>>> print(open('upload.cif').read())   # mmCIF, C-alpha atoms (C1' of nucleotides)
data_entry
loop_
_atom_site.label_atom_id
_atom_site.label_comp_id
_atom_site.auth_asym_id
_atom_site.auth_seq_id
_atom_site.Cartn_x
_atom_site.Cartn_y
_atom_site.Cartn_z
CA MET A 23 -6.01 84.66 54.98
CA PRO A 24 -7.44 84.66 58.16
CA GLU A 25 -10.94 84.43 59.35
CA LEU A 26 -11.88 84.08 62.99
CA PRO A 27 -10.47 80.54 63.45
CA GLU A 28 -7.11 81.43 61.91
CA VAL A 29 -6.76 84.66 63.87
CA GLU A 30 -7.74 82.85 67.06
CA THR A 31 -5.14 80.16 66.34
CA VAL A 32 -2.47 82.83 65.90
CA ARG A 33 -3.64 84.51 69.09
CA ARG A 34 -3.34 81.33 71.13
CA GLY A 35 0.08 80.60 69.71
CA LEU A 36 1.38 84.09 70.36
CA ALA A 37 -0.04 84.15 73.88
CA GLY A 38 2.18 81.19 74.75
CA LEU A 39 5.21 82.53 72.94
CA ILE A 40 5.53 86.27 73.51
CA VAL A 41 3.75 87.20 76.75
CA GLY A 42 6.39 88.42 79.18
CA ARG A 43 8.97 89.14 76.49
CA VAL A 44 10.42 92.65 76.28
CA VAL A 45 10.74 94.36 72.91
CA ARG A 46 14.30 95.41 72.18
CA GLY A 47 13.76 96.87 68.74
CA ALA A 48 11.74 96.87 65.57
CA VAL A 49 12.49 97.30 61.90
CA HIS A 50 9.95 98.02 59.26
CA ASP A 51 10.34 98.50 55.54
CA THR A 52 6.82 99.36 54.46
CA SER A 53 5.09 102.45 55.76
CA LYS A 54 1.86 101.01 54.40
CA SER A 55 2.09 98.02 56.76
CA PHE A 56 2.89 100.09 59.84
CA PRO A 57 2.02 103.77 59.38
CA ASN A 58 3.54 106.06 62.01
CA ALA A 59 6.02 103.39 63.04
CA ASP A 60 8.92 105.84 62.97
CA GLU A 61 7.52 107.87 65.84
CA ASP A 62 5.43 105.34 67.75
CA VAL A 63 7.76 102.34 67.87
CA LYS A 64 10.48 104.16 69.78
CA ARG A 65 8.08 105.75 72.26
CA PHE A 66 5.56 103.00 72.97
CA LEU A 67 6.98 99.69 71.81
CA VAL A 68 10.71 99.52 72.46
CA GLY A 69 11.36 98.66 76.12
CA ALA A 70 7.78 97.49 76.69
CA ALA A 71 6.85 93.96 77.75
CA VAL A 72 4.00 92.04 76.14
CA THR A 73 1.33 91.57 78.82
CA ASP A 74 -1.43 89.80 76.87
CA VAL A 75 -2.60 88.86 73.38
CA LYS A 76 -6.29 89.30 72.64
CA ARG A 77 -8.60 89.08 69.65
CA ARG A 78 -11.81 90.77 68.57
CA ALA A 79 -13.31 89.56 65.29
CA LYS A 80 -10.30 89.30 62.93
CA LEU A 81 -8.27 91.92 64.79
CA LEU A 82 -5.36 90.94 67.04
CA MET A 83 -4.48 93.08 70.05
CA ILE A 84 -1.01 92.73 71.55
CA GLU A 85 -1.13 94.50 74.90
CA LEU A 86 2.01 96.14 76.23
CA SER A 87 3.32 97.30 79.61
CA SER A 88 3.59 100.82 78.13
CA ASN A 89 -0.21 100.93 78.27
CA TYR A 90 -0.27 100.87 74.50
CA THR A 91 -1.75 98.09 72.39
CA LEU A 92 -0.31 96.91 69.09
CA LEU A 93 -3.28 96.26 66.81
CA VAL A 94 -2.64 93.82 63.95
CA HIS A 95 -4.93 93.01 61.04
CA LEU A 96 -3.69 90.19 58.81
CA LYS A 97 -6.21 90.80 55.99
CA MET A 98 -5.65 88.25 53.17
CA THR A 99 -2.03 87.12 53.44
CA GLY A 100 -0.69 88.39 56.75
CA GLN A 101 1.35 86.13 59.02
CA LEU A 102 2.79 86.61 62.50
CA VAL A 103 5.58 84.10 62.97
CA PHE A 104 7.68 83.78 66.11
CA VAL A 105 11.23 82.51 65.79
CA ALA A 106 13.30 81.53 68.83
CA PRO A 107 16.96 82.61 68.97
CA ASP A 108 18.28 79.08 68.46
CA VAL A 109 15.98 77.98 65.63
CA ARG A 110 17.43 76.18 62.64
CA PHE A 111 15.84 76.47 59.22
CA GLY A 112 15.84 74.09 56.32
CA ALA A 113 15.81 70.33 55.89
CA GLY A 114 14.85 68.14 58.80
CA HIS A 115 11.78 70.09 59.80
CA PRO A 116 8.37 68.43 59.82
CA SER A 117 6.56 69.15 56.58
CA ASP A 118 4.04 71.47 58.18
CA SER A 119 6.50 73.71 60.01
CA LEU A 120 8.70 76.62 59.13
CA VAL A 121 11.02 75.53 56.35
CA HIS A 122 12.69 78.70 55.20
CA GLU A 123 14.59 81.49 56.76
CA LEU A 124 12.99 84.70 57.91
CA PRO A 125 12.93 87.54 57.15
CA ASP A 126 12.00 86.85 53.54
CA LYS A 127 10.78 89.12 50.78
CA SER A 128 7.28 89.33 52.23
CA THR A 129 8.48 90.41 55.69
CA ARG A 130 7.11 93.88 56.40
CA VAL A 131 7.99 94.30 60.08
CA THR A 132 10.37 92.49 62.43
CA LEU A 133 10.09 92.83 66.20
CA GLU A 134 13.11 91.75 68.18
CA PHE A 135 12.84 90.73 71.82
CA ALA A 136 15.47 91.13 74.54
CA ASP A 137 16.46 87.46 74.41
CA GLY A 138 17.09 87.57 70.67
CA SER A 139 13.83 85.93 69.65
CA GLN A 140 11.91 87.61 66.84
CA LEU A 141 8.37 88.12 65.64
CA PHE A 142 7.96 88.51 61.87
CA PHE A 143 4.99 90.24 60.30
CA ASN A 144 4.92 88.86 56.78
CA ASP A 145 2.34 89.95 54.25
CA GLN A 146 2.64 89.16 50.59
CA ARG A 147 -0.11 91.50 49.44
CA LYS A 148 0.51 94.38 51.86
CA PHE A 149 -3.17 94.70 52.79
CA GLY A 150 -2.49 93.96 56.46
CA TRP A 151 -1.44 96.59 58.97
CA MET A 152 -0.11 97.29 62.44
CA LYS A 153 -0.95 100.25 64.62
CA LEU A 154 -0.08 101.38 68.15
CA VAL A 155 -3.01 102.76 70.13
CA PRO A 156 -3.32 103.72 73.82
CA SER A 157 -4.89 100.69 75.47
CA VAL A 158 -7.67 102.73 77.05
CA GLU A 159 -8.65 103.99 73.58
CA VAL A 160 -9.02 100.54 72.03
CA PRO A 161 -12.70 100.13 72.98
CA ASN A 162 -13.43 103.51 71.36
CA ILE A 163 -11.92 102.95 67.92
CA ASP A 164 -14.38 102.88 65.01
CA PHE A 165 -13.78 99.19 64.44
CA MET A 166 -14.91 98.25 67.96
CA LYS A 167 -18.02 100.40 67.73
CA LYS A 168 -19.12 98.92 64.43
CA VAL A 169 -18.12 95.26 64.63
CA GLY A 170 -20.82 92.67 65.32
CA PRO A 171 -20.91 90.14 68.16
CA GLU A 172 -18.55 87.19 68.54
CA PRO A 173 -20.45 84.18 67.18
CA LEU A 174 -18.77 81.67 69.49
CA GLU A 175 -19.60 83.43 72.76
CA ALA A 176 -21.62 81.11 75.00
CA ASP A 177 -24.43 83.62 75.48
CA PHE A 178 -24.85 84.37 71.76
CA THR A 179 -28.15 82.76 70.78
CA ALA A 180 -29.89 81.84 67.53
CA ALA A 181 -32.37 84.64 68.19
CA ASP A 182 -29.51 87.15 68.60
CA PHE A 183 -28.06 85.88 65.34
CA GLU A 184 -31.26 86.28 63.34
CA LYS A 185 -31.90 89.79 64.65
CA ARG A 186 -28.51 90.99 63.43
CA PHE A 187 -29.62 90.39 59.81
CA ALA A 188 -32.67 92.65 59.86
CA ARG A 189 -30.65 95.57 58.44
CA ARG A 190 -29.47 93.50 55.46
CA ALA A 191 -32.88 92.26 54.29
CA ARG A 192 -32.24 93.01 50.63
CA SER A 193 -28.78 91.53 50.24
CA SER A 194 -27.77 87.94 49.62
CA ILE A 195 -27.28 85.80 52.69
CA LYS A 196 -23.64 85.30 51.76
CA ALA A 197 -22.91 89.04 51.52
CA ALA A 198 -24.61 89.51 54.90
CA LEU A 199 -22.58 86.71 56.50
CA LEU A 200 -19.39 88.38 55.26
CA ASP A 201 -20.46 91.76 56.72
CA GLN A 202 -18.40 92.14 59.89
CA THR A 203 -20.90 94.58 61.38
CA VAL A 204 -23.59 91.88 61.32
CA VAL A 205 -21.62 89.07 62.98
CA ALA A 206 -17.87 89.11 63.57
CA GLY A 207 -15.26 86.83 62.11
CA ILE A 208 -16.93 84.98 59.23
CA GLY A 209 -15.02 85.02 55.94
CA ASN A 210 -15.23 83.33 52.59
CA ILE A 211 -14.29 79.80 53.66
CA TYR A 212 -16.60 79.48 56.64
CA ALA A 213 -19.49 81.28 54.93
CA ASP A 214 -19.47 78.60 52.21
CA GLU A 215 -19.02 75.76 54.67
CA SER A 216 -21.84 77.01 56.90
CA LEU A 217 -24.32 77.62 54.08
CA TRP A 218 -23.67 74.14 52.72
CA GLY A 219 -24.20 72.72 56.20
CA ALA A 220 -27.51 74.57 56.45
CA LYS A 221 -28.50 73.69 52.84
CA VAL A 222 -29.07 77.36 51.99
CA HIS A 223 -28.17 78.85 48.62
CA PRO A 224 -25.76 81.79 49.11
CA VAL A 225 -27.61 84.04 46.65
CA ARG A 226 -30.93 83.88 48.49
CA LEU A 227 -32.07 87.20 49.91
CA VAL A 228 -31.91 87.60 53.67
CA SER A 229 -35.62 88.47 53.63
CA SER A 230 -36.43 85.04 52.19
CA ILE A 231 -34.61 83.07 54.89
CA LYS A 232 -36.98 81.30 57.27
CA LYS A 233 -36.52 81.26 61.02
CA SER A 234 -35.67 77.56 60.96
CA GLU A 235 -33.02 78.26 58.32
CA PHE A 236 -31.47 81.07 60.35
CA LYS A 237 -31.27 78.68 63.28
CA LYS A 238 -29.51 76.12 61.12
CA ILE A 239 -27.05 78.68 59.72
CA TYR A 240 -26.33 79.86 63.26
CA GLU A 241 -25.61 76.31 64.39
CA GLU A 242 -23.41 75.64 61.37
CA VAL A 243 -21.41 78.85 61.86
CA ARG A 244 -20.70 77.87 65.45
CA THR A 245 -19.95 74.22 64.72
CA VAL A 246 -17.78 74.87 61.69
CA MET A 247 -15.73 77.62 63.28
CA ALA A 248 -15.23 75.67 66.51
CA LEU A 249 -14.01 72.69 64.49
CA ALA A 250 -11.74 74.97 62.45
CA ILE A 251 -10.15 76.34 65.63
CA GLU A 252 -9.64 72.78 66.84
CA LYS A 253 -7.87 71.97 63.55
CA GLY A 254 -5.69 75.07 63.72
CA GLY A 255 -7.51 76.93 60.93
CA SER A 256 -7.42 76.57 57.13
CA SER A 257 -4.27 76.80 55.06
CA ASN A 258 -5.89 77.26 51.71
CA TYR A 259 -3.05 79.42 50.55
CA THR A 260 -0.51 81.28 52.68
CA TYR A 261 -1.89 80.96 56.19
CA VAL A 262 0.40 79.71 58.98
CA ASN A 263 0.16 79.94 62.76
CA ALA A 264 2.58 81.68 65.14
CA LYS A 265 5.05 78.82 64.78
CA GLY A 266 4.92 78.86 60.99
CA GLU A 267 2.75 75.73 60.81
CA LYS A 268 -0.21 75.20 58.49
CA GLY A 269 -3.77 74.59 59.65
CA LYS A 270 -5.60 71.33 58.97
CA TYR A 271 -9.22 72.38 58.46
CA MET A 272 -9.01 72.06 54.66
CA ASP A 273 -8.82 68.28 55.18
CA PHE A 274 -12.30 68.55 56.69
CA ALA A 275 -13.84 71.08 54.30
CA ARG A 276 -17.03 69.87 52.66
CA VAL A 277 -17.38 72.32 49.76
CA PHE A 278 -14.74 75.04 49.92
CA ARG A 279 -12.30 74.61 47.01
CA ARG A 280 -13.89 71.25 46.25
CA GLU A 281 -15.50 72.11 42.91
CA GLY A 282 -15.69 69.05 40.67
CA LEU A 283 -15.73 66.69 43.67
CA PRO A 284 -18.82 64.94 45.05
CA CYS A 285 -20.99 66.53 47.72
CA PRO A 286 -20.27 64.53 50.91
CA ARG A 287 -24.01 64.18 51.59
CA CYS A 288 -25.58 63.42 48.21
CA GLY A 289 -22.74 62.85 45.75
CA THR A 290 -23.76 65.63 43.38
CA THR A 291 -20.79 67.41 41.83
CA ILE A 292 -19.90 70.58 43.74
CA ILE A 293 -19.79 73.70 41.58
CA LYS A 294 -18.12 77.06 41.96
CA ILE A 295 -20.05 80.26 41.29
CA ARG A 296 -19.52 83.96 41.98
CA VAL A 297 -21.47 85.63 44.81
CA ALA A 298 -20.85 89.04 46.36
CA GLY A 299 -17.69 89.23 44.26
CA ARG A 300 -16.24 86.11 45.86
CA GLY A 301 -15.63 82.59 44.64
CA THR A 302 -18.44 80.50 46.14
CA HIS A 303 -18.83 76.75 46.43
CA ILE A 304 -22.17 74.96 46.58
CA CYS A 305 -23.95 71.67 46.10
CA PRO A 306 -26.36 72.61 43.29
CA LYS A 307 -28.84 69.93 44.29
CA GLU A 308 -29.15 70.67 47.99
CA GLN A 309 -28.69 74.44 47.93
CA LYS A 310 -31.61 75.71 45.87
CA LEU A 311 -32.52 79.26 44.93
CA ALA A 312 -36.28 78.97 45.21
"C1'" DC B 11 -28.97 104.37 55.01
"C1'" DA B 12 -28.40 99.77 52.31
"C1'" DC B 13 -26.21 97.71 48.63
"C1'" DT B 14 -22.73 96.76 44.80
"C1'" DT B 15 -18.45 97.17 42.57
"C1'" DG B 16 -13.74 98.31 42.07
"C1'" DA B 17 -9.34 99.27 44.35
"C1'" DC B 18 -5.67 98.13 47.23
"C1'" DC B 19 -1.01 94.58 46.27
"C1'" DT B 20 1.93 90.51 44.97
"C1'" DG B 21 2.17 85.99 43.28
"C1'" DT B 22 0.56 81.92 40.93
"C1'" DC B 23 -1.79 79.33 37.71
"C1'" DC B 24 -4.04 78.45 33.27
"C1'" DG B 25 -4.88 79.05 28.41
"C1'" DC B 26 -3.06 80.68 24.13
"C1'" DT C 18 8.98 79.68 27.50
"C1'" DG C 19 6.34 84.02 27.39
"C1'" DC C 20 2.43 86.82 28.16
"C1'" DG C 21 -2.22 88.27 29.50
"C1'" DG C 22 -5.93 87.63 32.45
"C1'" DA C 23 -8.29 85.69 36.31
"C1'" DC C 24 -8.00 84.76 40.83
"C1'" DA C 25 -6.57 84.58 46.04
"C1'" DG C 26 -8.76 83.54 54.07
"C1'" DG C 27 -10.49 91.18 53.67
"C1'" DT C 28 -11.91 95.47 54.02
"C1'" DC C 29 -12.65 100.31 52.15
"C1'" DA C 30 -14.02 104.23 49.36
"C1'" DA C 31 -16.64 105.23 45.87
"C1'" DG C 32 -20.72 104.70 43.11
"C1'" DT C 33 -26.10 103.84 42.55
#
>>> encode(input="upload.cif", output="structure tokens")
Amino acid sequence: MPELPEVETVRRGLAGLIVGRVVRGAVHDTSKSFPNADEDVKRFLVGAAVTDVKRRAKLLMIELSSNYTLLVHLKMTGQLVFVAPDVRFGAGHPSDSLVHELPDKSTRVTLEFADGSQLFFNDQRKFGWMKLVPSVEVPNIDFMKKVGPEPLEADFTAADFEKRFARRARSSIKAALLDQTVVAGIGNIYADESLWGAKVHPVRLVSSIKKSEFKKIYEEVRTVMALAIEKGGSSNYTYVNAKGEKGKYMDFARVFRREGLPCPRCGTTIIKIRVAGRGTHICPKEQKLA
DNA sequence: CACTTGACCTGTCCGC
DNA sequence: TGCGGACAGGTCAAGT
């Protein structure tokens, strides 16, 4: 699922819903989704209050009064959905909100709070994971050491952006954009959207990209992801926010999943190709290889 | 090291 | 309607 805008949307939702709540218990049915849960949950999670919800790249960090942090990676199909004690499921809900009862067959972990509210970690494909780590150790985990800068930070410049790609000179620009150690948070949707915005073919080698093109890609990455956050992310498939609602960015997408439809700028039919092992959408007229 | 490809999973959709 | 294969918001461990 989730790229930076989706994870940030979940973070904002959770921050308003679970900060201050005390964990009463947790159940988990998949050791793959929460390794070590048997030992760690009892010692570091149960009885702890949620003090903050943070994000770095696509990783969520739920900070606890036990001085432990619950790390959550949603990977492709992970969801974190909060359900209040008095919620009713079924007919009568708005079309974009939670319409079925949880837990369901994709629920991997359920956290229960003292007031009876619940947080469901659903993950159809079981790629996502949770892990409890001492909060002071979080900055030292491998992920934090390797991950690239946050592209939406105010002090992150076009020059900073271009420099990050030096290491990936011989790969395609799309593969480099997807590399989380270059720049954090870009995934398949926003890579395609940004490259279309910059009129750069995704297969072009990083070494062939001109300075002016890097600047354009940088601007597109920032503009597109900021818009996506504003729209609550993209629900291309299974993504929902912390209230179970879908995101609206797909209504604004210019190329992603729009193969066969006209390019919004020139009318040429958008095509789908394969780049870096991922489905990739381009305008064949405006995004040239040469 | 830098780079590519398959593997990890479950579910859905499309063609025969 | 059934069945096989391709594919899906992401990383990893293996290869070269």
>>> resolve_selection(input="upload.cif", expression="the PyMOL selection byres ((chain A) within 6 of (chain B))", output="number ranges by chain")
A: 146-148
>>> write_last_selection(input="upload.cif", atoms="C-alpha atoms", output="PDB file, in the coordinates of the input")
ATOM      1  CA  GLN A 146       2.640  89.160  50.590  1.00  0.00           C
ATOM      2  CA  ARG A 147      -0.110  91.500  49.440  1.00  0.00           C
ATOM      3  CA  LYS A 148       0.510  94.380  51.860  1.00  0.00           C
TER       4      LYS A 148
END
>>> atom_distance(input="upload.cif", atom1="CA of Val297 in chain A", atom2="CA of Gly150 in chain A")
23.8 Å
>>> resolve_selection(input="upload.cif", expression="the PyMOL selection byres ((chain C) within 8 of (chain A))", output="number ranges by chain")
C: 25-28
>>> write_last_selection(input="upload.cif", atoms="C-alpha atoms (C1' of nucleotides)", output="compact mmCIF listing (two decimals), in the coordinates of the input")
# COMPACT_ATOMS: atom_id res chain seq x y z
C1' DA C 25 -6.57 84.58 46.04
C1' DG C 26 -8.76 83.54 54.07
C1' DG C 27 -10.49 91.18 53.67
C1' DT C 28 -11.91 95.47 54.02
>>> atom_distance(input="upload.cif", atom1="CA of Ala220 in chain A", atom2="CA of Met247 in chain A")
14.0 Å
>>> closest_residue(input="upload.cif", among="A:Thr291, A:Asn263, A:Ser230, A:Thr129", to="Leu311 in chain A", atoms="only C-alpha atoms")
A:Ser230
>>> atom_distance(input="upload.cif", atom1="CA of Arg130 in chain A", atom2="CA of Gly170 in chain A")
29.3 Å
>>> resolve_selection(input="upload.cif", expression="the PyMOL selection byres ((chain A and resi 38-43) around 6)", output="list in words")
Gly35, Leu36, Ala37, Val44, Ala71, Val72, Thr73 and Asp74 of chain A
>>> residues_near_point(input="upload.cif", point="(-33.6, 90.0, 54.6)", cutoff="12 Å", atoms="all atoms listed in the file", output="list in words")
Glu184, Lys185, Arg186, Phe187, Ala188, Arg189, Arg190, Ala191, Arg192, Ser193, Ser194, Ile195, Lys196, Ala197, Ala198, Leu199, Val225, Arg226, Leu227, Val228, Ser229, Ser230, Ile231, Lys232, Lys233 and Phe236 of chain A; DA12 of chain B
>>> write_last_selection(input="upload.cif", atoms="C-alpha atoms (C1' of nucleotides)", output="JSON list (two decimals), in the coordinates of the input")
[["chain", "number", "residue", "atom", "x", "y", "z"],
["A", 184, "GLU", "CA", -31.26, 86.28, 63.34],
["A", 185, "LYS", "CA", -31.90, 89.79, 64.65],
["A", 186, "ARG", "CA", -28.51, 90.99, 63.43],
["A", 187, "PHE", "CA", -29.62, 90.39, 59.81],
["A", 188, "ALA", "CA", -32.67, 92.65, 59.86],
["A", 189, "ARG", "CA", -30.65, 95.57, 58.44],
["A", 190, "ARG", "CA", -29.47, 93.50, 55.46],
["A", 191, "ALA", "CA", -32.88, 92.26, 54.29],
["A", 192, "ARG", "CA", -32.24, 93.01, 50.63],
["A", 193, "SER", "CA", -28.78, 91.53, 50.24],
["A", 194, "SER", "CA", -27.77, 87.94, 49.62],
["A", 195, "ILE", "CA", -27.28, 85.80, 52.69],
["A", 196, "LYS", "CA", -23.64, 85.30, 51.76],
["A", 197, "ALA", "CA", -22.91, 89.04, 51.52],
["A", 198, "ALA", "CA", -24.61, 89.51, 54.90],
["A", 199, "LEU", "CA", -22.58, 86.71, 56.50],
["A", 225, "VAL", "CA", -27.61, 84.04, 46.65],
["A", 226, "ARG", "CA", -30.93, 83.88, 48.49],
["A", 227, "LEU", "CA", -32.07, 87.20, 49.91],
["A", 228, "VAL", "CA", -31.91, 87.60, 53.67],
["A", 229, "SER", "CA", -35.62, 88.47, 53.63],
["A", 230, "SER", "CA", -36.43, 85.04, 52.19],
["A", 231, "ILE", "CA", -34.61, 83.07, 54.89],
["A", 232, "LYS", "CA", -36.98, 81.30, 57.27],
["A", 233, "LYS", "CA", -36.52, 81.26, 61.02],
["A", 236, "PHE", "CA", -31.47, 81.07, 60.35],
["B", 12, "DA", "C1'", -28.40, 99.77, 52.31]]
>>> residues_around(input="upload.cif", residues="Gly47 in chain A", least_positions_apart="3", cutoff="8 Å", atoms="only C-alpha atoms (C1' of nucleotides)", output="list in words")
Leu67, Val68, Gly69, Leu133, Glu134 and Phe135 of chain A
>>> closest_residue(input="upload.cif", among="A:Thr179, A:Glu215, A:Lys253, A:Leu93", to="Lys76 in chain A", atoms="only C-alpha atoms")
A:Leu93
